[in-house]
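What follows is the content of final-v7.txt (compact mmCIF, C-alpha atoms).
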```
# COMPACT_ATOMS: atom_id res chain seq x y z
CA MET A 1 39.48 -14.81 11.30
CA GLU A 2 42.70 -14.24 9.33
CA PHE A 3 45.96 -14.37 11.29
CA ARG A 4 49.16 -12.61 10.27
CA HIS A 5 52.80 -12.70 11.26
CA GLU A 6 54.05 -9.78 13.34
CA TRP A 7 57.46 -8.49 14.43
CA LYS A 8 57.98 -5.67 16.92
CA HIS A 9 61.33 -3.98 17.59
CA GLU A 10 62.16 -1.21 20.04
CA ILE A 11 64.45 1.21 18.22
CA ARG A 12 66.09 4.61 18.77
CA TYR A 13 65.22 7.89 17.07
CA PRO A 14 68.36 7.79 14.83
CA ASP A 15 67.20 4.33 13.68
CA LEU A 16 63.82 5.82 12.78
CA LEU A 17 65.48 8.42 10.54
CA ALA A 18 67.52 5.77 8.73
CA LEU A 19 64.58 3.39 8.37
CA ARG A 20 62.27 6.12 7.10
CA ALA A 21 64.64 6.83 4.19
CA ARG A 22 65.11 3.14 3.34
CA LEU A 23 61.42 2.32 3.54
CA ARG A 24 60.42 5.25 1.31
CA ALA A 25 62.85 4.04 -1.34
CA VAL A 26 61.14 0.63 -1.64
CA MET A 27 57.65 0.76 -0.10
CA SER A 28 54.64 3.00 -0.65
CA VAL A 29 53.39 5.41 1.99
CA ASP A 30 49.90 4.50 3.20
CA MET A 31 47.40 6.52 1.15
CA HIS A 32 45.49 7.65 4.27
CA THR A 33 48.39 9.60 5.77
CA ILE A 34 48.89 13.36 5.93
CA ASP A 35 52.49 14.25 5.07
CA GLY A 36 53.41 10.60 5.52
CA LYS A 37 51.94 10.09 8.98
CA TYR A 38 48.80 10.22 11.07
CA GLU A 39 47.90 10.66 14.71
CA VAL A 40 46.25 7.68 16.38
CA ARG A 41 43.99 7.81 19.42
CA SER A 42 42.86 4.55 21.02
CA LEU A 43 40.71 3.85 24.04
CA TYR A 44 41.48 0.43 25.53
CA PHE A 45 39.07 -1.75 27.50
CA ASP A 46 39.91 -4.16 30.31
CA SER A 47 38.28 -6.07 33.14
CA PRO A 48 38.31 -5.00 36.82
CA GLU A 49 41.10 -7.57 37.32
CA ASP A 50 43.07 -6.16 34.33
CA LYS A 51 42.78 -9.45 32.45
CA ALA A 52 44.09 -8.10 29.12
CA LEU A 53 47.00 -6.32 30.80
CA ARG A 54 48.03 -9.32 32.91
CA GLU A 55 47.78 -11.76 30.00
CA LYS A 56 50.02 -9.49 27.93
CA ILE A 57 52.61 -9.12 30.71
CA ASN A 58 52.56 -12.88 31.40
CA GLY A 59 52.83 -13.78 27.71
CA VAL A 60 49.62 -15.83 27.60
CA ASN A 61 49.53 -17.62 24.25
CA CYS A 62 45.87 -16.97 23.40
CA ARG A 63 44.60 -13.53 24.32
CA GLU A 64 42.53 -10.60 23.07
CA LYS A 65 41.80 -6.97 23.78
CA PHE A 66 39.21 -4.43 22.65
CA ARG A 67 39.78 -0.79 21.73
CA ILE A 68 38.03 2.13 20.06
CA ARG A 69 40.18 4.07 17.61
CA CYS A 70 40.19 7.22 15.47
CA TYR A 71 42.78 8.97 13.32
CA ASN A 72 43.89 12.61 13.21
CA GLY A 73 41.08 13.57 15.59
CA ASP A 74 38.50 12.80 12.89
CA MET A 75 35.36 11.62 14.66
CA SER A 76 33.56 10.90 11.38
CA LEU A 77 35.30 7.51 11.31
CA ILE A 78 35.57 5.69 14.64
CA LEU A 79 36.41 2.00 14.68
CA LEU A 80 35.76 -0.68 17.28
CA GLU A 81 38.60 -3.20 17.07
CA LYS A 82 39.42 -6.55 18.63
CA LYS A 83 43.07 -7.58 18.53
CA SER A 84 43.66 -11.32 18.98
CA LYS A 85 46.88 -13.28 19.48
CA ARG A 86 47.17 -17.03 18.83
CA ASN A 87 50.38 -19.06 18.77
CA GLY A 88 52.49 -16.03 17.97
CA LEU A 89 50.21 -14.87 15.14
CA CYS A 90 47.90 -11.86 15.30
CA SER A 91 44.57 -10.85 13.82
CA LYS A 92 42.35 -7.80 13.97
CA THR A 93 38.62 -7.45 13.39
CA GLN A 94 36.89 -4.08 13.26
CA GLU A 95 33.54 -2.36 12.82
CA PRO A 96 32.66 1.33 12.41
CA LEU A 97 30.84 3.04 15.26
CA THR A 98 28.55 6.04 15.25
CA LEU A 99 29.08 8.88 17.69
CA GLU A 100 25.96 7.82 19.54
CA GLU A 101 27.22 4.25 19.88
CA VAL A 102 30.53 5.53 21.26
CA ARG A 103 28.75 7.74 23.77
CA THR A 104 26.54 4.94 25.06
CA ILE A 105 29.41 2.44 25.32
CA VAL A 106 32.02 4.78 26.80
CA TYR A 107 29.93 7.05 28.98
CA ASP A 108 26.80 5.04 29.80
CA GLY A 109 28.11 1.47 29.63
CA GLU A 110 25.10 0.48 27.54
CA HIS A 111 24.42 -0.94 24.09
CA PRO A 112 21.04 0.37 22.91
CA VAL A 113 20.74 -1.50 19.58
CA ARG A 114 21.67 -5.18 19.48
CA GLY A 115 21.99 -7.70 16.69
CA LYS A 116 23.16 -5.31 13.96
CA LYS A 117 26.93 -5.37 14.59
CA THR A 118 28.65 -8.59 15.55
CA LEU A 119 31.74 -7.11 17.18
CA LEU A 120 29.72 -4.52 19.08
CA ASP A 121 27.45 -7.28 20.37
CA GLU A 122 30.51 -9.22 21.53
CA LEU A 123 31.89 -6.18 23.35
CA TYR A 124 28.55 -5.57 25.03
CA PHE A 125 28.33 -9.25 26.05
CA LYS A 126 31.79 -9.09 27.66
CA MET A 127 30.98 -5.80 29.37
CA ASN A 128 28.10 -7.63 31.03
CA THR A 129 29.79 -10.97 31.72
CA GLN A 130 33.41 -9.94 32.37
CA GLY A 131 32.86 -6.36 33.51
CA ILE A 132 35.25 -4.91 30.93
CA ARG A 133 35.19 -1.12 30.78
CA PRO A 134 37.28 1.69 29.25
CA LYS A 135 40.67 1.94 31.00
CA THR A 136 42.88 4.55 29.35
CA ILE A 137 43.51 6.58 26.22
CA VAL A 138 46.69 5.94 24.23
CA ASP A 139 47.90 8.50 21.68
CA TYR A 140 50.82 8.19 19.29
CA THR A 141 52.18 9.20 15.88
CA ARG A 142 52.41 6.54 13.17
CA GLU A 143 54.29 6.45 9.86
CA PRO A 144 52.87 3.52 7.82
CA PHE A 145 54.32 1.86 4.71
CA VAL A 146 52.81 -0.86 2.50
CA PHE A 147 54.22 -3.40 0.03
CA GLY A 148 52.02 -5.57 -2.22
CA PRO A 149 53.88 -8.91 -2.31
CA GLY A 150 53.23 -10.66 0.99
CA ASN A 151 50.70 -7.95 1.93
CA VAL A 152 53.41 -6.33 4.05
CA ARG A 153 52.75 -3.38 6.34
CA VAL A 154 55.60 -1.64 8.19
CA THR A 155 54.91 1.08 10.75
CA LEU A 156 57.05 3.44 12.81
CA ASP A 157 55.27 4.51 16.02
CA TYR A 158 56.52 7.22 18.37
CA ASN A 159 55.41 10.08 20.65
CA ILE A 160 53.47 7.54 22.71
CA ARG A 161 51.29 9.34 25.24
CA THR A 162 48.96 8.11 27.97
CA GLY A 163 45.67 9.52 29.16
CA LEU A 164 46.43 8.10 32.62
CA THR A 165 42.96 7.22 33.90
CA CYS A 166 41.16 9.48 31.40
CA THR A 167 38.64 7.66 29.20
CA ASP A 168 36.95 10.76 27.70
CA PHE A 169 37.52 9.56 24.14
CA LEU A 170 35.34 12.16 22.42
CA ASN A 171 36.97 15.10 24.21
CA PRO A 172 39.52 16.61 21.75
CA VAL A 173 41.35 18.41 24.56
CA CYS A 174 41.67 15.41 26.86
CA VAL A 175 45.12 15.79 28.39
CA THR A 176 47.69 13.08 27.63
CA VAL A 177 51.28 12.94 28.85
CA PRO A 178 54.37 11.17 27.46
CA ALA A 179 54.59 7.53 28.50
CA LYS A 180 57.78 7.13 30.53
CA ASP A 181 60.77 5.79 28.58
CA ALA A 182 58.58 4.74 25.63
CA PRO A 183 60.83 3.96 22.65
CA VAL A 184 60.15 4.21 18.93
CA ILE A 185 58.40 1.01 17.83
CA LEU A 186 59.03 -0.68 14.50
CA GLU A 187 56.24 -3.10 13.56
CA VAL A 188 56.32 -5.45 10.58
CA LYS A 189 53.24 -7.46 9.57
CA TRP A 190 52.79 -9.87 6.68
CA ASP A 191 50.71 -12.82 5.48
CA GLU A 192 52.34 -15.97 4.10
CA PHE A 193 55.81 -14.65 3.32
CA LEU A 194 58.03 -11.65 4.00
CA PRO A 195 59.94 -10.59 0.86
CA SER A 196 63.71 -10.61 1.35
CA VAL A 197 63.99 -6.97 0.25
CA ILE A 198 61.77 -5.92 3.16
CA ARG A 199 63.42 -8.35 5.57
CA ASP A 200 66.78 -6.77 4.79
CA ILE A 201 65.52 -3.18 5.09
CA VAL A 202 64.00 -3.62 8.56
CA GLN A 203 67.10 -5.15 10.12
CA VAL A 204 68.38 -2.78 12.83
CA PRO A 205 71.69 -3.77 14.48
CA GLY A 206 71.47 -4.32 18.21
CA THR A 207 67.69 -4.89 18.28
CA HIS A 208 65.62 -8.01 18.69
CA THR A 209 61.97 -8.98 18.46
CA SER A 210 60.05 -7.77 21.53
CA ALA A 211 56.55 -8.01 22.96
CA PHE A 212 56.18 -4.26 23.52
CA SER A 213 52.62 -3.11 24.23
CA LYS A 214 51.55 0.54 24.02
CA TYR A 215 48.59 -0.29 26.25
CA ALA A 216 50.81 -1.90 28.89
CA VAL A 217 53.34 0.94 28.96
CA CYS A 218 50.51 3.46 29.30
CA ARG A 219 49.00 1.53 32.24
CA ILE A 220 52.05 1.81 34.50
CA TYR A 221 50.45 4.92 35.98
CA GLY A 222 47.32 3.10 37.10
```

Reformat the file's structure so that it appears as structure tokens.
Amino acid sequence: MEFRHEWKHEIRYPDLLALRARLRAVMSVDMHTIDGKYEVRSLYFDSPEDKALREKINGVNCREKFRIRCYNGDMSLILLEKKSKRNGLCSKTQEPLTLEEVRTIVYDGEHPVRGKKTLLDELYFKMNTQGIRPKTIVDYTREPFVFGPGNVRVTLDYNIRTGLTCTDFLNPVCVTVPAKDAPVILEVKWDEFLPSVIRDIVQVPGTHTSAFSKYAVCRIYG
């Protein structure tokens, strides 16, 4: 499992406009975007005791969470992801899911075919042993930028919306509402080193590194 460095900053919309211009001058726009951005939909899982949520709020050093994700409403590519945090570093593992696998996991709570996908097997095991289940949908808009040296990825996330208690991931008209007081989020991720040119670009006066969680802010409603 490869761990990466990660910074998160809560910024204002005027900061987004300034950063967008600076980032485009130096970094490349992610090739998978449409007009420089894409819409992200994630379905997060948690235990009956909200283990993932509580560990995030309490700043537990070693933690993980599972989610299912798609982009721009395209259900031809759905990813199961596990996000892990260790000693301030983060990692992400992922596997593609078929529509049938999503239906059985999300709607039936079952895993019909075992042993073929490692991450899916792990999710199924924890559904059975920890009782984790889908909790809420999180939608947002992302503008991603990439830079080769240091394998740097910078993203601007905004329009964060919550599905409240809705977990109907495959329903394209599932209603989501704006998450209260959700800011614009600047995220910076890199491997061994962060080039000084990028470090200088992402500096926003009056901000500091935060532990903002889209999942946590979208769970304040239940």

- [ ] Identify the residues around (39.1, 14.4, 24.8) within a radius of 12 Å, measuring from all atoms listed in the file in the coordinates stated by the file, and give them as a PyMOL selection string.
- [x] chain A and resi 41-43+70+73+75+136-139+163+166-176

Task: Best match for closeness to Thr162 (chain A) among A:Lys135, A:Glu39, A:Cys218, A:Gly148, counting all atoms listed in the file - done: A:Cys218

- [ ] Just the residues within 10 Å of region 47-63 of chain A, please, counting only C-alpha atoms, with nothing from its chain fewer than 5 positions along; format it as a list in words.
- [x]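 With the cut-off at 10 Å, the set is Lys83, Ser84, Lys85, Arg86, Asn87, Gly88, Leu89, Cys90, Lys126, Met127, Thr129, Gln130, Gly131, Ile132, Arg133, Pro134, Lys135, Ala211, Phe212, Ser213, Tyr215, Ala216, Val217 and Arg219 of chain A.
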
TODO: Point out the residue among A:Ser28, A:Gly109, A:Ala182, A:Tyr221 with the least atom-to-atom distance to Asn151 (chain A), counting all atoms listed in the file.
DONE: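 That would be A:Ser28, the residue with the smallest distance to Asn151 (chain A).
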
Open item on the list: Can you measure CA of Leu79 (chain A) to CA of Leu97 (chain A) for me? One decimal in Å is fine.
Closed with: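 A separation of 5.7 Å between them.
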
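Shortest atom-to-atom contact with Lys189 (chain A) among A:Tyr107, A:Tyr38, A:Trp7, A:Tyr158: A:Trp7, counting only C-alpha atoms.
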
Open item on the list: What's the separation between CA of Glu95 (chain A) and CA of Leu186 (chain A), in Å to one decimal place?
Closed with: 25.6 Å

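Taking CA of Leu194 (chain A) and CA of Val152 (chain A) as endpoints, the distance between them is 7.0 Å.
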